[in-house]
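Undergrad: Right, I'll just put the structure down here and ask away after.
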Amino acid sequence: MIAPLPFAVLAVFCALALLRLGHHLKVWIHGREQGEFVGNREPVWVRFSWPALSFGLVVMVICYGFHHTSEISPWMRHFELPIPDLIQWLALALAVFSLAGLHWVHRALGHYFSASLSLREGHQLIIDGPYAWVRHPMYAALLGYFAGVAILSANLAIIAFCVGISILLFRRIEREERMLEERFGDLYREYRTKTGRIVPRFWD
């Protein structure tokens, strides 16, 4: 029997995997009419870092689950942190809220979603839904999600991979901004003056 908080880690992790898989399949099946994706602006080392960190996080979460159900991965207890239950439950709420936000972003982005830093041949600039508030709501949702999972797990091994992925997300924002400005020019520059990067702008 898995205790409630460890079970919550596994549940939100599986929820993210299913959400992303569902949207990947939707884009793959129905997105061809919008044109093919062209190019990839990320350096080669970054392209290899994404699957490496993602695979490492999957392994750590699996070991984390086994640690709480058997003696298969007893070494995981050396990475445990004494985070109060209340803080972990708040982190769970952050992760769930971020997943809901991520689903909203995917619905707004539709067939233009790509896991790589590339645009479709007939790409349109999305400025409604969550994009009316921030330019990178997907990264905002993912950063909130990984922060929630990191605190919820109270485990240094999982925290390390969440931090690594978050660093890559932050580094991607600048490259994506340059890519969008090159593609959409003044339209994107005007949009940029009205929105924040990952948090809404409440000043003007």
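Chains: A, B, ... in order of the structure tokens. Residues: from 1 per chain. Ligands: from 1, in order shown.
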Pick out each residue of stretch 21-178 of chain A that DSSP on the backbone tags as alpha helix (DSSP H); I need them as a ChimeraX atom specification.
TA: /A:21-30,44-67,85-109,137-153,156-178
Undergrad: Write a file of the selected residues as a JSON list (two decimals), in the first residue's frame, keeping C-alpha atoms.
TA:
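Saved file out_30.json follows:
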```
[["chain", "number", "residue", "atom", "x", "y", "z"],
["A", 21, "LEU", "CA", 0.89, 11.85, -25.14],
["A", 22, "GLY", "CA", -2.71, 12.68, -25.97],
["A", 23, "HIS", "CA", -1.82, 16.06, -27.45],
["A", 24, "HIS", "CA", 1.17, 14.63, -29.32],
["A", 25, "LEU", "CA", -1.11, 12.05, -30.95],
["A", 26, "LYS", "CA", -3.73, 14.67, -31.77],
["A", 27, "VAL", "CA", -1.15, 16.87, -33.50],
["A", 28, "TRP", "CA", 0.36, 13.91, -35.33],
["A", 29, "ILE", "CA", -3.01, 12.69, -36.62],
["A", 30, "HIS", "CA", -4.75, 15.97, -37.43],
["A", 44, "VAL", "CA", 22.49, 19.56, -30.51],
["A", 45, "TRP", "CA", 23.53, 19.24, -26.86],
["A", 46, "VAL", "CA", 20.12, 20.58, -25.78],
["A", 47, "ARG", "CA", 18.30, 18.11, -28.06],
["A", 48, "PHE", "CA", 20.12, 15.26, -26.31],
["A", 49, "SER", "CA", 19.61, 16.78, -22.86],
["A", 50, "TRP", "CA", 15.80, 16.71, -23.09],
["A", 51, "PRO", "CA", 15.45, 12.91, -23.50],
["A", 52, "ALA", "CA", 18.31, 12.25, -21.06],
["A", 53, "LEU", "CA", 16.76, 14.33, -18.28],
["A", 54, "SER", "CA", 13.27, 13.08, -19.03],
["A", 55, "PHE", "CA", 14.39, 9.44, -18.94],
["A", 56, "GLY", "CA", 16.33, 10.07, -15.74],
["A", 57, "LEU", "CA", 13.26, 11.59, -14.10],
["A", 58, "VAL", "CA", 11.12, 8.61, -15.15],
["A", 59, "VAL", "CA", 13.66, 6.22, -13.61],
["A", 60, "MET", "CA", 13.81, 8.23, -10.38],
["A", 61, "VAL", "CA", 10.02, 8.35, -10.07],
["A", 62, "ILE", "CA", 9.80, 4.57, -10.63],
["A", 63, "CYS", "CA", 12.50, 3.98, -8.01],
["A", 64, "TYR", "CA", 10.68, 6.40, -5.72],
["A", 65, "GLY", "CA", 7.52, 4.31, -6.08],
["A", 66, "PHE", "CA", 9.36, 1.07, -5.38],
["A", 67, "HIS", "CA", 11.05, 2.66, -2.37],
["A", 85, "ASP", "CA", 3.15, 17.36, 4.96],
["A", 86, "LEU", "CA", 1.25, 20.65, 4.66],
["A", 87, "ILE", "CA", 3.90, 22.06, 2.29],
["A", 88, "GLN", "CA", 3.76, 18.85, 0.25],
["A", 89, "TRP", "CA", -0.03, 19.04, -0.05],
["A", 90, "LEU", "CA", 0.27, 22.66, -1.21],
["A", 91, "ALA", "CA", 2.84, 21.50, -3.75],
["A", 92, "LEU", "CA", 0.35, 18.88, -4.96],
["A", 93, "ALA", "CA", -2.22, 21.63, -5.46],
["A", 94, "LEU", "CA", 0.35, 23.60, -7.48],
["A", 95, "ALA", "CA", 1.12, 20.57, -9.66],
["A", 96, "VAL", "CA", -2.58, 19.86, -10.31],
["A", 97, "PHE", "CA", -3.30, 23.54, -11.06],
["A", 98, "SER", "CA", -0.33, 23.60, -13.45],
["A", 99, "LEU", "CA", -1.61, 20.48, -15.24],
["A", 100, "ALA", "CA", -4.98, 22.17, -15.75],
["A", 101, "GLY", "CA", -3.18, 25.22, -17.12],
["A", 102, "LEU", "CA", -1.08, 23.04, -19.41],
["A", 103, "HIS", "CA", -4.21, 21.43, -20.84],
["A", 104, "TRP", "CA", -5.66, 24.89, -21.49],
["A", 105, "VAL", "CA", -2.47, 25.92, -23.29],
["A", 106, "HIS", "CA", -2.51, 22.81, -25.47],
["A", 107, "ARG", "CA", -6.12, 23.46, -26.46],
["A", 108, "ALA", "CA", -5.29, 27.07, -27.37],
["A", 109, "LEU", "CA", -2.16, 26.08, -29.32],
["A", 137, "PRO", "CA", 2.13, 29.96, -20.84],
["A", 138, "MET", "CA", 3.26, 26.40, -21.60],
["A", 139, "TYR", "CA", 6.63, 27.01, -19.97],
["A", 140, "ALA", "CA", 4.92, 28.77, -17.06],
["A", 141, "ALA", "CA", 2.68, 25.74, -16.53],
["A", 142, "LEU", "CA", 5.57, 23.28, -16.83],
["A", 143, "LEU", "CA", 7.75, 25.28, -14.43],
["A", 144, "GLY", "CA", 4.92, 25.33, -11.91],
["A", 145, "TYR", "CA", 4.36, 21.61, -12.42],
["A", 146, "PHE", "CA", 8.00, 20.63, -11.90],
["A", 147, "ALA", "CA", 8.29, 22.91, -8.87],
["A", 148, "GLY", "CA", 5.22, 21.19, -7.41],
["A", 149, "VAL", "CA", 6.52, 17.69, -8.13],
["A", 150, "ALA", "CA", 9.95, 18.52, -6.72],
["A", 151, "ILE", "CA", 8.53, 19.74, -3.39],
["A", 152, "LEU", "CA", 5.85, 17.05, -3.29],
["A", 153, "SER", "CA", 8.42, 14.26, -3.66],
["A", 156, "LEU", "CA", 16.74, 15.18, -3.73],
["A", 157, "ALA", "CA", 17.13, 12.81, -6.70],
["A", 158, "ILE", "CA", 13.78, 13.86, -8.18],
["A", 159, "ILE", "CA", 14.40, 17.50, -7.31],
["A", 160, "ALA", "CA", 17.73, 17.42, -9.21],
["A", 161, "PHE", "CA", 16.07, 16.23, -12.43],
["A", 162, "CYS", "CA", 13.20, 18.71, -12.05],
["A", 163, "VAL", "CA", 15.71, 21.54, -11.64],
["A", 164, "GLY", "CA", 17.65, 20.35, -14.71],
["A", 165, "ILE", "CA", 14.52, 20.32, -16.86],
["A", 166, "SER", "CA", 13.47, 23.74, -15.53],
["A", 167, "ILE", "CA", 16.86, 25.19, -16.49],
["A", 168, "LEU", "CA", 16.42, 23.92, -20.05],
["A", 169, "LEU", "CA", 12.96, 25.48, -20.16],
["A", 170, "PHE", "CA", 14.32, 28.87, -19.09],
["A", 171, "ARG", "CA", 17.11, 28.67, -21.67],
["A", 172, "ARG", "CA", 14.62, 27.81, -24.42],
["A", 173, "ILE", "CA", 12.52, 30.95, -23.87],
["A", 174, "GLU", "CA", 15.14, 33.34, -25.29],
["A", 175, "ARG", "CA", 15.67, 31.21, -28.41],
["A", 176, "GLU", "CA", 11.94, 30.91, -28.96],
["A", 177, "GLU", "CA", 11.48, 34.67, -28.68],
["A", 178, "ARG", "CA", 14.12, 35.25, -31.37]]
```
Undergrad: Would you mind listing what lies within 12 Å of A:Tyr188 as JSON, numbers by chain, with only C-alpha atoms counted and same-chain residues fewer than 5 positions away left out?
TA: {"A": [124, 125, 126, 127, 135, 176, 177, 178, 179, 180, 181, 182, 183, 193, 194, 195]}
Undergrad: Could you tell me which of A:Tyr191, A:Phe37, A:Phe7, A:Phe202 comes closest to A:Asp128 if we count only C-alpha atoms?
TA: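 Selected residue with least distance to A:Asp128: A:Tyr191.
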Undergrad: Hey, can you check how far atom CA of A:Pro43 sits from atom CA of A:Gly185?
TA: 23.0 Å
Undergrad: May I ask for the distance between atom CA of A:Leu119 and atom CA of A:Arg41, given in Å to one decimal place?
TA: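 Separation of atom CA of A:Leu119 and atom CA of A:Arg41: 9.8 Å.
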Undergrad: What gap, in Å, lies between atom CA of A:Ser118 and atom CA of A:Asn40?
TA: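 Between atom CA of A:Ser118 and atom CA of A:Asn40 the gap works out to 4.9 Å.
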Undergrad: I need the residue nearest A:Ala132 from this list: A:Leu81, A:Leu5, A:Ile198, A:Ala115. Use only C-alpha atoms for the distance.
TA: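 For A:Ala132, the nearest of the candidates is A:Ile198.
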Undergrad: Once DSSP has gone over the backbone, tell me which residues of chain A are in strand (DSSP E), as a ChimeraX atom specification.
TA: /A:37-38,119-120
Undergrad: Output the selection as a PDB file, in the first residue's frame - all heavy atoms for each residue.
TA:
```
ATOM      1  N   PHE A  37       6.466  20.892 -39.881  1.00  0.00           N
ATOM      2  CA  PHE A  37       7.353  21.687 -39.037  1.00  0.00           C
ATOM      3  C   PHE A  37       8.687  21.856 -39.757  1.00  0.00           C
ATOM      4  O   PHE A  37       9.199  20.927 -40.385  1.00  0.00           O
ATOM      5  CB  PHE A  37       7.567  21.015 -37.682  1.00  0.00           C
ATOM      6  CG  PHE A  37       6.382  21.131 -36.766  1.00  0.00           C
ATOM      7  CD1 PHE A  37       5.555  20.048 -36.534  1.00  0.00           C
ATOM      8  CD2 PHE A  37       6.095  22.341 -36.153  1.00  0.00           C
ATOM      9  CE1 PHE A  37       4.456  20.163 -35.691  1.00  0.00           C
ATOM     10  CE2 PHE A  37       4.993  22.466 -35.306  1.00  0.00           C
ATOM     11  CZ  PHE A  37       4.180  21.375 -35.075  1.00  0.00           C
ATOM     12  N   VAL A  38       9.253  23.051 -39.657  1.00  0.00           N
ATOM     13  CA  VAL A  38      10.480  23.375 -40.374  1.00  0.00           C
ATOM     14  C   VAL A  38      11.571  23.750 -39.374  1.00  0.00           C
ATOM     15  O   VAL A  38      11.389  24.641 -38.547  1.00  0.00           O
ATOM     16  CB  VAL A  38      10.253  24.552 -41.352  1.00  0.00           C
ATOM     17  CG1 VAL A  38      11.554  24.890 -42.079  1.00  0.00           C
ATOM     18  CG2 VAL A  38       9.154  24.211 -42.341  1.00  0.00           C
ATOM     19  N   LEU A 119       8.626  25.787 -36.112  1.00  0.00           N
ATOM     20  CA  LEU A 119       7.321  26.308 -36.511  1.00  0.00           C
ATOM     21  C   LEU A 119       6.828  25.583 -37.756  1.00  0.00           C
ATOM     22  O   LEU A 119       7.629  25.098 -38.562  1.00  0.00           O
ATOM     23  CB  LEU A 119       7.414  27.812 -36.806  1.00  0.00           C
ATOM     24  CG  LEU A 119       7.834  28.728 -35.649  1.00  0.00           C
ATOM     25  CD1 LEU A 119       8.043  30.148 -36.164  1.00  0.00           C
ATOM     26  CD2 LEU A 119       6.808  28.705 -34.537  1.00  0.00           C
ATOM     27  N   ARG A 120       5.513  25.543 -37.922  1.00  0.00           N
ATOM     28  CA  ARG A 120       4.954  24.956 -39.133  1.00  0.00           C
ATOM     29  C   ARG A 120       5.116  25.918 -40.309  1.00  0.00           C
ATOM     30  O   ARG A 120       5.285  27.126 -40.133  1.00  0.00           O
ATOM     31  CB  ARG A 120       3.468  24.630 -38.926  1.00  0.00           C
ATOM     32  CG  ARG A 120       3.206  23.421 -38.042  1.00  0.00           C
ATOM     33  CD  ARG A 120       1.757  22.995 -38.148  1.00  0.00           C
ATOM     34  NE  ARG A 120       1.430  21.895 -37.256  1.00  0.00           N
ATOM     35  CZ  ARG A 120       1.627  20.614 -37.544  1.00  0.00           C
ATOM     36  NH1 ARG A 120       2.180  20.295 -38.704  1.00  0.00           N
ATOM     37  NH2 ARG A 120       1.284  19.677 -36.688  1.00  0.00           N
TER      38      ARG A 120
END
```
Undergrad: From the options A:Val199, A:Ala3, A:Ala154, A:Val12, which residue's atoms come nearest to A:Pro84, counting only C-alpha atoms?
TA: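 Using only C-alpha atoms, A:Pro84 sits closest to A:Ala154.
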